[in-house]
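Listing of data03.cif, mmCIF, C-alpha atoms; chains and numbers go by the auth columns
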data_final
#
loop_
_atom_site.group_PDB
_atom_site.id
_atom_site.type_symbol
_atom_site.label_atom_id
_atom_site.label_comp_id
_atom_site.label_asym_id
_atom_site.label_seq_id
_atom_site.Cartn_x
_atom_site.Cartn_y
_atom_site.Cartn_z
_atom_site.B_iso_or_equiv
_atom_site.auth_seq_id
_atom_site.auth_asym_id
ATOM 1 C CA GLY A 1 24.360 37.267 2.218 0.00 1 A
ATOM 2 C CA ALA A 2 20.801 38.412 2.574 0.00 2 A
ATOM 3 C CA GLY A 3 18.040 35.863 2.469 0.00 3 A
ATOM 4 C CA VAL A 4 14.691 36.091 0.732 0.00 4 A
ATOM 5 C CA SER A 5 12.818 39.228 1.712 0.00 5 A
ATOM 6 C CA GLN A 6 9.108 39.905 1.452 0.00 6 A
ATOM 7 C CA SER A 7 6.991 42.985 1.925 0.00 7 A
ATOM 8 C CA PRO A 8 4.758 43.936 3.499 0.00 8 A
ATOM 9 C CA ARG A 9 5.022 41.515 6.398 0.00 9 A
ATOM 10 C CA TYR A 10 1.388 42.116 7.306 0.00 10 A
ATOM 11 C CA LYS A 11 -1.470 43.326 5.155 0.00 11 A
ATOM 12 C CA VAL A 12 -5.063 43.959 6.122 0.00 12 A
ATOM 13 C CA ALA A 13 -7.465 44.457 3.251 0.00 13 A
ATOM 14 C CA LYS A 14 -11.155 45.043 3.022 0.00 14 A
ATOM 15 C CA ARG A 15 -13.051 42.523 0.957 0.00 15 A
ATOM 16 C CA GLY A 16 -12.960 43.565 -2.671 0.00 16 A
ATOM 17 C CA GLN A 17 -9.666 45.471 -2.477 0.00 17 A
ATOM 18 C CA ASP A 18 -6.669 44.606 -4.633 0.00 18 A
ATOM 19 C CA VAL A 19 -3.364 43.752 -2.945 0.00 19 A
ATOM 20 C CA ALA A 20 0.209 43.366 -4.173 0.00 20 A
ATOM 21 C CA LEU A 21 2.798 41.297 -2.343 0.00 21 A
ATOM 22 C CA ARG A 22 6.483 41.639 -3.123 0.00 22 A
ATOM 23 C CA CYS A 23 9.290 39.094 -3.016 0.00 23 A
ATOM 24 C CA ASP A 24 13.003 39.795 -3.370 0.00 24 A
ATOM 25 C CA PRO A 25 14.864 36.476 -3.840 0.00 25 A
ATOM 26 C CA ILE A 26 18.377 35.549 -2.847 0.00 26 A
ATOM 27 C CA SER A 27 20.819 37.137 -5.284 0.00 27 A
ATOM 28 C CA GLY A 28 21.615 34.772 -8.143 0.00 28 A
ATOM 29 C CA HIS A 29 18.695 32.439 -7.530 0.00 29 A
ATOM 30 C CA VAL A 30 17.091 31.690 -10.849 0.00 30 A
ATOM 31 C CA SER A 31 13.994 29.946 -9.525 0.00 31 A
ATOM 32 C CA LEU A 32 11.276 31.686 -7.552 0.00 32 A
ATOM 33 C CA PHE A 33 8.189 30.115 -6.015 0.00 33 A
ATOM 34 C CA TRP A 34 5.020 31.371 -4.341 0.00 34 A
ATOM 35 C CA TYR A 35 3.181 29.266 -1.776 0.00 35 A
ATOM 36 C CA GLN A 36 0.056 29.873 0.298 0.00 36 A
ATOM 37 C CA GLN A 37 -0.123 28.585 3.845 0.00 37 A
ATOM 38 C CA ALA A 38 -3.391 28.372 5.744 0.00 38 A
ATOM 39 C CA LEU A 39 -3.386 28.019 9.514 0.00 39 A
ATOM 40 C CA GLY A 40 -2.445 24.512 10.600 0.00 40 A
ATOM 41 C CA GLN A 41 -1.590 23.394 7.064 0.00 41 A
ATOM 42 C CA GLY A 42 1.558 22.937 5.075 0.00 42 A
ATOM 43 C CA PRO A 43 2.394 25.435 2.344 0.00 43 A
ATOM 44 C CA GLU A 44 0.506 24.920 -0.921 0.00 44 A
ATOM 45 C CA PHE A 45 2.201 25.664 -4.250 0.00 45 A
ATOM 46 C CA LEU A 46 0.858 28.590 -6.243 0.00 46 A
ATOM 47 C CA THR A 47 3.289 29.366 -9.057 0.00 47 A
ATOM 48 C CA TYR A 48 6.902 29.044 -10.220 0.00 48 A
ATOM 49 C CA PHE A 49 9.259 31.243 -12.236 0.00 49 A
ATOM 50 C CA GLN A 50 12.557 30.441 -13.838 0.00 50 A
ATOM 51 C CA ASN A 51 14.125 33.817 -14.501 0.00 51 A
ATOM 52 C CA GLU A 52 11.287 35.910 -15.934 0.00 52 A
ATOM 53 C CA ALA A 53 9.371 32.958 -17.373 0.00 53 A
ATOM 54 C CA GLN A 54 6.381 31.694 -15.440 0.00 54 A
ATOM 55 C CA LEU A 55 6.714 27.955 -16.013 0.00 55 A
ATOM 56 C CA ASP A 56 3.955 26.676 -13.754 0.00 56 A
ATOM 57 C CA LYS A 57 0.898 28.506 -12.470 0.00 57 A
ATOM 58 C CA SER A 58 -1.207 25.443 -11.824 0.00 58 A
ATOM 59 C CA GLY A 59 -1.666 26.263 -8.144 0.00 59 A
ATOM 60 C CA LEU A 60 -3.200 29.708 -8.552 0.00 60 A
ATOM 61 C CA PRO A 61 -6.694 29.275 -7.086 0.00 61 A
ATOM 62 C CA SER A 62 -8.549 31.616 -9.401 0.00 62 A
ATOM 63 C CA ASP A 63 -8.062 34.212 -12.119 0.00 63 A
ATOM 64 C CA ARG A 64 -8.033 36.828 -9.367 0.00 64 A
ATOM 65 C CA PHE A 65 -4.466 35.735 -8.626 0.00 65 A
ATOM 66 C CA PHE A 66 -1.684 36.977 -10.863 0.00 66 A
ATOM 67 C CA ALA A 67 2.094 36.823 -10.486 0.00 67 A
ATOM 68 C CA GLU A 68 4.906 38.412 -12.422 0.00 68 A
ATOM 69 C CA ARG A 69 8.688 38.613 -12.409 0.00 69 A
ATOM 70 C CA PRO A 70 9.411 40.954 -15.310 0.00 70 A
ATOM 71 C CA GLU A 71 13.195 41.270 -14.958 0.00 71 A
ATOM 72 C CA GLY A 72 13.891 37.849 -13.520 0.00 72 A
ATOM 73 C CA SER A 73 14.548 39.119 -10.012 0.00 73 A
ATOM 74 C CA VAL A 74 11.846 40.718 -7.849 0.00 74 A
ATOM 75 C CA SER A 75 8.411 39.135 -8.095 0.00 75 A
ATOM 76 C CA THR A 76 4.971 40.461 -7.281 0.00 76 A
ATOM 77 C CA LEU A 77 1.909 38.405 -6.427 0.00 77 A
ATOM 78 C CA LYS A 78 -1.263 40.351 -7.036 0.00 78 A
ATOM 79 C CA ILE A 79 -4.689 39.399 -5.753 0.00 79 A
ATOM 80 C CA GLN A 80 -7.638 41.256 -7.207 0.00 80 A
ATOM 81 C CA ARG A 81 -10.990 41.708 -5.480 0.00 81 A
ATOM 82 C CA THR A 82 -9.827 39.967 -2.328 0.00 82 A
ATOM 83 C CA GLN A 83 -12.162 37.543 -0.575 0.00 83 A
ATOM 84 C CA GLN A 84 -12.119 36.301 3.018 0.00 84 A
ATOM 85 C CA GLU A 85 -10.911 32.889 1.869 0.00 85 A
ATOM 86 C CA ASP A 86 -7.743 34.580 0.566 0.00 86 A
ATOM 87 C CA SER A 87 -6.645 35.208 4.168 0.00 87 A
ATOM 88 C CA ALA A 88 -3.441 33.234 4.643 0.00 88 A
ATOM 89 C CA VAL A 89 0.314 33.579 4.822 0.00 89 A
ATOM 90 C CA TYR A 90 1.890 33.989 1.414 0.00 90 A
ATOM 91 C CA LEU A 91 5.389 32.583 1.254 0.00 91 A
ATOM 92 C CA CYS A 92 8.017 33.199 -1.366 0.00 92 A
ATOM 93 C CA ALA A 93 10.954 30.847 -1.866 0.00 93 A
ATOM 94 C CA SER A 94 13.956 30.935 -4.144 0.00 94 A
ATOM 95 C CA SER A 95 16.535 28.431 -5.291 0.00 95 A
ATOM 96 C CA LEU A 96 19.198 27.660 -7.804 0.00 96 A
ATOM 97 C CA VAL A 97 17.587 25.462 -10.471 0.00 97 A
ATOM 98 C CA GLY A 98 16.965 21.999 -9.065 0.00 98 A
ATOM 99 C CA TYR A 99 18.270 22.731 -5.594 0.00 99 A
ATOM 100 C CA GLU A 100 16.881 23.407 -2.148 0.00 100 A
ATOM 101 C CA GLN A 101 14.295 26.131 -1.723 0.00 101 A
ATOM 102 C CA PHE A 102 14.764 28.839 0.877 0.00 102 A
ATOM 103 C CA PHE A 103 11.776 30.711 2.204 0.00 103 A
ATOM 104 C CA GLY A 104 11.242 34.339 3.016 0.00 104 A
ATOM 105 C CA PRO A 105 9.463 35.495 6.186 0.00 105 A
ATOM 106 C CA GLY A 106 6.066 35.562 4.474 0.00 106 A
ATOM 107 C CA THR A 107 3.268 38.090 4.200 0.00 107 A
ATOM 108 C CA ARG A 108 0.269 37.535 6.461 0.00 108 A
ATOM 109 C CA LEU A 109 -2.821 38.695 4.587 0.00 109 A
ATOM 110 C CA THR A 110 -6.049 39.271 6.478 0.00 110 A
ATOM 111 C CA VAL A 111 -9.159 40.088 4.483 0.00 111 A
ATOM 112 C CA LEU A 112 -11.977 41.624 6.502 0.00 112 A
ATOM 113 C CA GLN B 1 -5.164 9.908 -0.255 0.00 1 B
ATOM 114 C CA LYS B 2 -2.983 12.922 0.423 0.00 2 B
ATOM 115 C CA GLU B 3 0.239 13.100 -1.544 0.00 3 B
ATOM 116 C CA VAL B 4 2.372 13.593 1.564 0.00 4 B
ATOM 117 C CA GLU B 5 1.135 12.371 4.928 0.00 5 B
ATOM 118 C CA GLN B 6 2.381 13.154 8.399 0.00 6 B
ATOM 119 C CA ASN B 7 0.961 12.557 11.837 0.00 7 B
ATOM 120 C CA SER B 8 -0.087 15.981 13.097 0.00 8 B
ATOM 121 C CA GLY B 9 0.945 15.179 16.678 0.00 9 B
ATOM 122 C CA PRO B 10 1.810 16.639 19.007 0.00 10 B
ATOM 123 C CA LEU B 11 4.749 14.340 19.552 0.00 11 B
ATOM 124 C CA SER B 12 5.964 14.861 23.095 0.00 12 B
ATOM 125 C CA VAL B 13 9.472 13.810 24.141 0.00 13 B
ATOM 126 C CA PRO B 14 11.572 14.656 27.184 0.00 14 B
ATOM 127 C CA GLU B 15 14.732 16.687 26.840 0.00 15 B
ATOM 128 C CA GLY B 16 17.664 14.524 25.791 0.00 16 B
ATOM 129 C CA ALA B 17 15.524 11.849 24.131 0.00 17 B
ATOM 130 C CA ILE B 18 15.393 10.919 20.447 0.00 18 B
ATOM 131 C CA ALA B 19 12.457 12.348 18.512 0.00 19 B
ATOM 132 C CA SER B 20 11.325 10.328 15.502 0.00 20 B
ATOM 133 C CA LEU B 21 9.230 12.043 12.863 0.00 21 B
ATOM 134 C CA ASN B 22 7.706 10.124 9.981 0.00 22 B
ATOM 135 C CA CYS B 23 6.369 10.928 6.543 0.00 23 B
ATOM 136 C CA THR B 24 4.894 8.845 3.721 0.00 24 B
ATOM 137 C CA TYR B 25 4.334 9.942 0.139 0.00 25 B
ATOM 138 C CA SER B 26 2.170 8.589 -2.630 0.00 26 B
ATOM 139 C CA ASP B 27 4.039 9.536 -5.822 0.00 27 B
ATOM 140 C CA ARG B 28 6.525 6.747 -6.481 0.00 28 B
ATOM 141 C CA GLY B 29 8.364 8.986 -8.941 0.00 29 B
ATOM 142 C CA SER B 30 9.311 11.525 -6.251 0.00 30 B
ATOM 143 C CA GLN B 31 13.016 12.237 -6.335 0.00 31 B
ATOM 144 C CA SER B 32 13.925 14.791 -3.676 0.00 32 B
ATOM 145 C CA PHE B 33 12.889 14.918 -0.041 0.00 33 B
ATOM 146 C CA PHE B 34 13.183 17.722 2.470 0.00 34 B
ATOM 147 C CA TRP B 35 12.534 18.449 6.106 0.00 35 B
ATOM 148 C CA TYR B 36 11.668 21.972 7.142 0.00 36 B
ATOM 149 C CA ARG B 37 11.294 23.276 10.677 0.00 37 B
ATOM 150 C CA GLN B 38 8.682 25.940 11.315 0.00 38 B
ATOM 151 C CA TYR B 39 8.432 27.814 14.578 0.00 39 B
ATOM 152 C CA SER B 40 5.068 29.322 15.438 0.00 40 B
ATOM 153 C CA GLY B 41 4.528 32.525 13.468 0.00 41 B
ATOM 154 C CA LYS B 42 7.681 32.020 11.404 0.00 42 B
ATOM 155 C CA SER B 43 8.397 30.707 7.925 0.00 43 B
ATOM 156 C CA PRO B 44 9.750 27.216 7.107 0.00 44 B
ATOM 157 C CA GLU B 45 13.487 26.742 7.574 0.00 45 B
ATOM 158 C CA LEU B 46 15.272 23.997 5.646 0.00 46 B
ATOM 159 C CA ILE B 47 17.078 21.575 7.958 0.00 47 B
ATOM 160 C CA MET B 48 17.674 18.452 5.866 0.00 48 B
ATOM 161 C CA SER B 49 17.530 17.268 2.280 0.00 49 B
ATOM 162 C CA ILE B 50 17.917 13.686 1.084 0.00 50 B
ATOM 163 C CA TYR B 51 17.939 12.299 -2.432 0.00 51 B
ATOM 164 C CA SER B 52 18.955 8.631 -2.219 0.00 52 B
ATOM 165 C CA ASN B 53 17.993 5.637 -0.125 0.00 53 B
ATOM 166 C CA GLY B 54 19.647 5.314 3.247 0.00 54 B
ATOM 167 C CA ASP B 55 20.629 7.665 6.022 0.00 55 B
ATOM 168 C CA LYS B 56 22.027 11.180 5.960 0.00 56 B
ATOM 169 C CA GLU B 57 23.361 12.712 9.136 0.00 57 B
ATOM 170 C CA ASP B 58 23.926 16.371 9.969 0.00 58 B
ATOM 171 C CA GLY B 59 24.745 17.119 13.571 0.00 59 B
ATOM 172 C CA ARG B 60 21.875 15.960 15.772 0.00 60 B
ATOM 173 C CA PHE B 61 19.641 15.337 12.754 0.00 61 B
ATOM 174 C CA THR B 62 19.421 12.154 10.670 0.00 62 B
ATOM 175 C CA ALA B 63 17.155 11.822 7.650 0.00 63 B
ATOM 176 C CA GLN B 64 16.242 8.342 6.465 0.00 64 B
ATOM 177 C CA LEU B 65 14.790 7.513 3.064 0.00 65 B
ATOM 178 C CA ASN B 66 13.228 4.266 1.868 0.00 66 B
ATOM 179 C CA LYS B 67 11.891 4.720 -1.652 0.00 67 B
ATOM 180 C CA ALA B 68 10.566 1.159 -1.874 0.00 68 B
ATOM 181 C CA SER B 69 8.310 1.826 1.115 0.00 69 B
ATOM 182 C CA GLN B 70 7.753 5.483 0.093 0.00 70 B
ATOM 183 C CA TYR B 71 8.794 6.550 3.540 0.00 71 B
ATOM 184 C CA VAL B 72 11.065 9.279 4.857 0.00 72 B
ATOM 185 C CA SER B 73 11.857 10.011 8.473 0.00 73 B
ATOM 186 C CA LEU B 74 13.743 12.519 10.588 0.00 74 B
ATOM 187 C CA LEU B 75 15.482 11.599 13.817 0.00 75 B
ATOM 188 C CA ILE B 76 16.507 14.297 16.255 0.00 76 B
ATOM 189 C CA ARG B 77 19.009 13.098 18.845 0.00 77 B
ATOM 190 C CA ASP B 78 19.474 14.750 22.244 0.00 78 B
ATOM 191 C CA SER B 79 16.255 16.726 21.764 0.00 79 B
ATOM 192 C CA GLN B 80 16.238 20.221 23.231 0.00 80 B
ATOM 193 C CA PRO B 81 13.311 22.461 24.192 0.00 81 B
ATOM 194 C CA SER B 82 14.436 24.750 21.368 0.00 82 B
ATOM 195 C CA ASP B 83 13.580 21.919 18.945 0.00 83 B
ATOM 196 C CA SER B 84 9.898 22.388 19.791 0.00 84 B
ATOM 197 C CA ALA B 85 8.344 23.368 16.476 0.00 85 B
ATOM 198 C CA THR B 86 6.335 21.963 13.579 0.00 86 B
ATOM 199 C CA TYR B 87 8.344 19.779 11.213 0.00 87 B
ATOM 200 C CA LEU B 88 7.213 19.779 7.610 0.00 88 B
ATOM 201 C CA CYS B 89 8.040 17.002 5.174 0.00 89 B
ATOM 202 C CA ALA B 90 8.211 18.055 1.512 0.00 90 B
ATOM 203 C CA VAL B 91 8.838 16.162 -1.712 0.00 91 B
ATOM 204 C CA ASN B 92 9.307 17.061 -5.356 0.00 92 B
ATOM 205 C CA GLY B 93 9.811 15.306 -8.659 0.00 93 B
ATOM 206 C CA GLY B 94 7.594 12.693 -10.191 0.00 94 B
ATOM 207 C CA ASN B 95 4.123 13.586 -11.369 0.00 95 B
ATOM 208 C CA THR B 96 4.010 16.750 -9.280 0.00 96 B
ATOM 209 C CA GLY B 97 6.778 18.243 -11.352 0.00 97 B
ATOM 210 C CA PHE B 98 10.435 18.528 -10.670 0.00 98 B
ATOM 211 C CA GLN B 99 10.453 21.979 -9.156 0.00 99 B
ATOM 212 C CA LYS B 100 7.461 22.533 -6.926 0.00 100 B
ATOM 213 C CA LEU B 101 7.385 21.162 -3.410 0.00 101 B
ATOM 214 C CA VAL B 102 4.433 19.212 -2.061 0.00 102 B
ATOM 215 C CA PHE B 103 4.202 19.502 1.710 0.00 103 B
ATOM 216 C CA GLY B 104 2.606 17.437 4.404 0.00 104 B
ATOM 217 C CA THR B 105 0.581 19.172 7.086 0.00 105 B
ATOM 218 C CA GLY B 106 3.457 18.920 9.544 0.00 106 B
ATOM 219 C CA THR B 107 4.107 17.202 12.857 0.00 107 B
ATOM 220 C CA ARG B 108 4.189 19.326 15.975 0.00 108 B
ATOM 221 C CA LEU B 109 7.067 18.377 18.279 0.00 109 B
ATOM 222 C CA LEU B 110 7.091 19.332 21.961 0.00 110 B
ATOM 223 C CA VAL B 111 10.295 18.798 23.926 0.00 111 B
ATOM 224 C CA SER B 112 9.784 19.142 27.647 0.00 112 B
ATOM 225 C CA PRO B 113 12.646 20.210 29.969 0.00 113 B
#
Starting from the file, give its structure as structure tokens.
Amino acid sequence: GAGVSQSPRYKVAKRGQDVALRCDPISGHVSLFWYQQALGQGPEFLTYFQNEAQLDKSGLPSDRFFAERPEGSVSTLKIQRTQQEDSAVYLCASSLVGYEQFFGPGTRLTVL
Amino acid sequence: QKEVEQNSGPLSVPEGAIASLNCTYSDRGSQSFFWYRQYSGKSPELIMSIYSNGDKEDGRFTAQLNKASQYVSLLIRDSQPSDSATYLCAVNGGNTGFQKLVFGTGTRLLVSP
């Protein structure tokens, strides 16, 4: 059984560029989460999907951040007009509803 | 006050010793508690979950939960150099919402041969 996969693993963007980060959850996992992890910190919640419904987006730091999961499986986190403060590792996790969350390898975003 | 607090460490223990990692949380309504291990440059890996007061053992790991004191701990017996990593405490439920995890900043553990 494959785990959570994310792509790309590394992304370098120039300030002002748009980026799209992909997450492929564990097969059958209804819940999907995005977290942002800065160096030396614990992951911080961004948003949560149950199937295709985005039930909580309270952690998205600005309206430049947008996430979708149109068919209830793969999810994309999009960041528009990237800023240096967006540099971080973006982690995706999936779970059965109400159960433990399993993380993907993350995407390390560097904004120059 | 942070929602989930951990001593950042590093906590240094010799090989074969017991490592004790501690975590406190502020939301009394929290219901589920997790320990993740994170090696440098890697993503968090779930090692223990605990939902009720008391101890839960899994191999060399024991999680302890005391909801009255809002305290959760992780004991690692017979520590090995390969246990050297950052250990993240995470909670959910209560006012933060049932699904999303709130993490501490992690405790760095160093196990010396």
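Of the residues listed (B:Glu15, B:Cys23, B:Ile76, B:Gln64), B:Cys23 shows the shortest atom-to-atom separation from Phe103 in chain B; distances use all atoms listed in the file.
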Explicit residue set for the PyMOL selection byres ((chain A and resi 33-47) around 8), as a PyMOL selection string = (chain A and resi 31-32+48-49+54-61+67+77+87-94) or (chain B and resi 88+100-106)
Sorted by chain and rising residue number, which residues of chain B lie within 12 Å of chain A, and what are their closest atom pairs and distances in Å to one decimal, counting all atoms listed in the file, as a Markdown table?
| residue | atom | partner | partner_atom | distance |
| --- | --- | --- | --- | --- |
| B:Lys2 | CA | A:Gly42 | CA | 11.9 |
| B:Glu3 | CA | A:Glu44 | CA | 11.8 |
| B:Val4 | CA | A:Gly42 | CA | 10.0 |
| B:Glu5 | CA | A:Gly42 | CA | 10.6 |
| B:Gln6 | CA | A:Gly42 | CA | 10.4 |
| B:Ser8 | CA | A:Gly40 | CA | 9.2 |
| B:Gly9 | CA | A:Gly40 | CA | 11.6 |
| B:Gln31 | CA | A:Gly98 | CA | 10.9 |
| B:Ser32 | CA | A:Glu100 | CA | 9.2 |
| B:Phe33 | CA | A:Glu100 | CA | 9.6 |
| B:Phe34 | CA | A:Glu100 | CA | 8.2 |
| B:Trp35 | CA | A:Glu100 | CA | 10.6 |
| B:Tyr36 | CA | A:Phe102 | CA | 9.8 |
| B:Arg37 | CA | A:Gly42 | CA | 11.2 |
| B:Gln38 | CA | A:Gly42 | CA | 9.9 |
| B:Tyr39 | CA | A:Pro105 | CA | 11.4 |
| B:Ser40 | CA | A:Gly40 | CA | 10.1 |
| B:Gly41 | CA | A:Pro105 | CA | 9.3 |
| B:Lys42 | CA | A:Pro105 | CA | 6.5 |
| B:Ser43 | CA | A:Pro105 | CA | 5.2 |
| B:Pro44 | CA | A:Phe103 | CA | 6.4 |
| B:Glu45 | CA | A:Phe103 | CA | 6.9 |
| B:Leu46 | CA | A:Phe102 | CA | 6.8 |
| B:Ile47 | CA | A:Glu100 | CA | 10.3 |
| B:Met48 | CA | A:Glu100 | CA | 9.5 |
| B:Ser49 | CA | A:Glu100 | CA | 7.6 |
| B:Ile50 | CA | A:Glu100 | CA | 10.3 |
| B:Tyr51 | CA | A:Tyr99 | CA | 10.9 |
| B:Thr86 | CA | A:Gly40 | CA | 9.6 |
| B:Tyr87 | CA | A:Gly42 | CA | 9.7 |
| B:Leu88 | CA | A:Gly42 | CA | 7.0 |
| B:Cys89 | CA | A:Gly42 | CA | 8.8 |
| B:Ala90 | CA | A:Gly42 | CA | 9.0 |
| B:Val91 | CA | A:Glu100 | CA | 10.8 |
| B:Asn92 | CA | A:Gly98 | CA | 9.8 |
| B:Gly93 | CA | A:Gly98 | CA | 9.8 |
| B:Thr96 | CA | A:Phe45 | CA | 10.4 |
| B:Gly97 | CA | A:Asp56 | CA | 9.2 |
| B:Phe98 | CA | A:Gly98 | CA | 7.6 |
| B:Gln99 | CA | A:Gly98 | CA | 6.5 |
| B:Lys100 | CA | A:Phe45 | CA | 6.7 |
| B:Leu101 | CA | A:Phe45 | CA | 6.9 |
| B:Val102 | CA | A:Glu44 | CA | 7.0 |
| B:Phe103 | CA | A:Gly42 | CA | 5.5 |
| B:Gly104 | CA | A:Gly42 | CA | 5.6 |
| B:Thr105 | CA | A:Gly42 | CA | 4.4 |
| B:Gly106 | CA | A:Gly42 | CA | 6.3 |
| B:Thr107 | CA | A:Gly42 | CA | 10.0 |
| B:Arg108 | CA | A:Gly40 | CA | 10.0 |
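You can rank A:Gly3, A:Ala53, A:Glu68, A:Val19 by their closest distance to Leu109 in chain A using all atoms listed in the file, and at the top of that list sits A:Val19.
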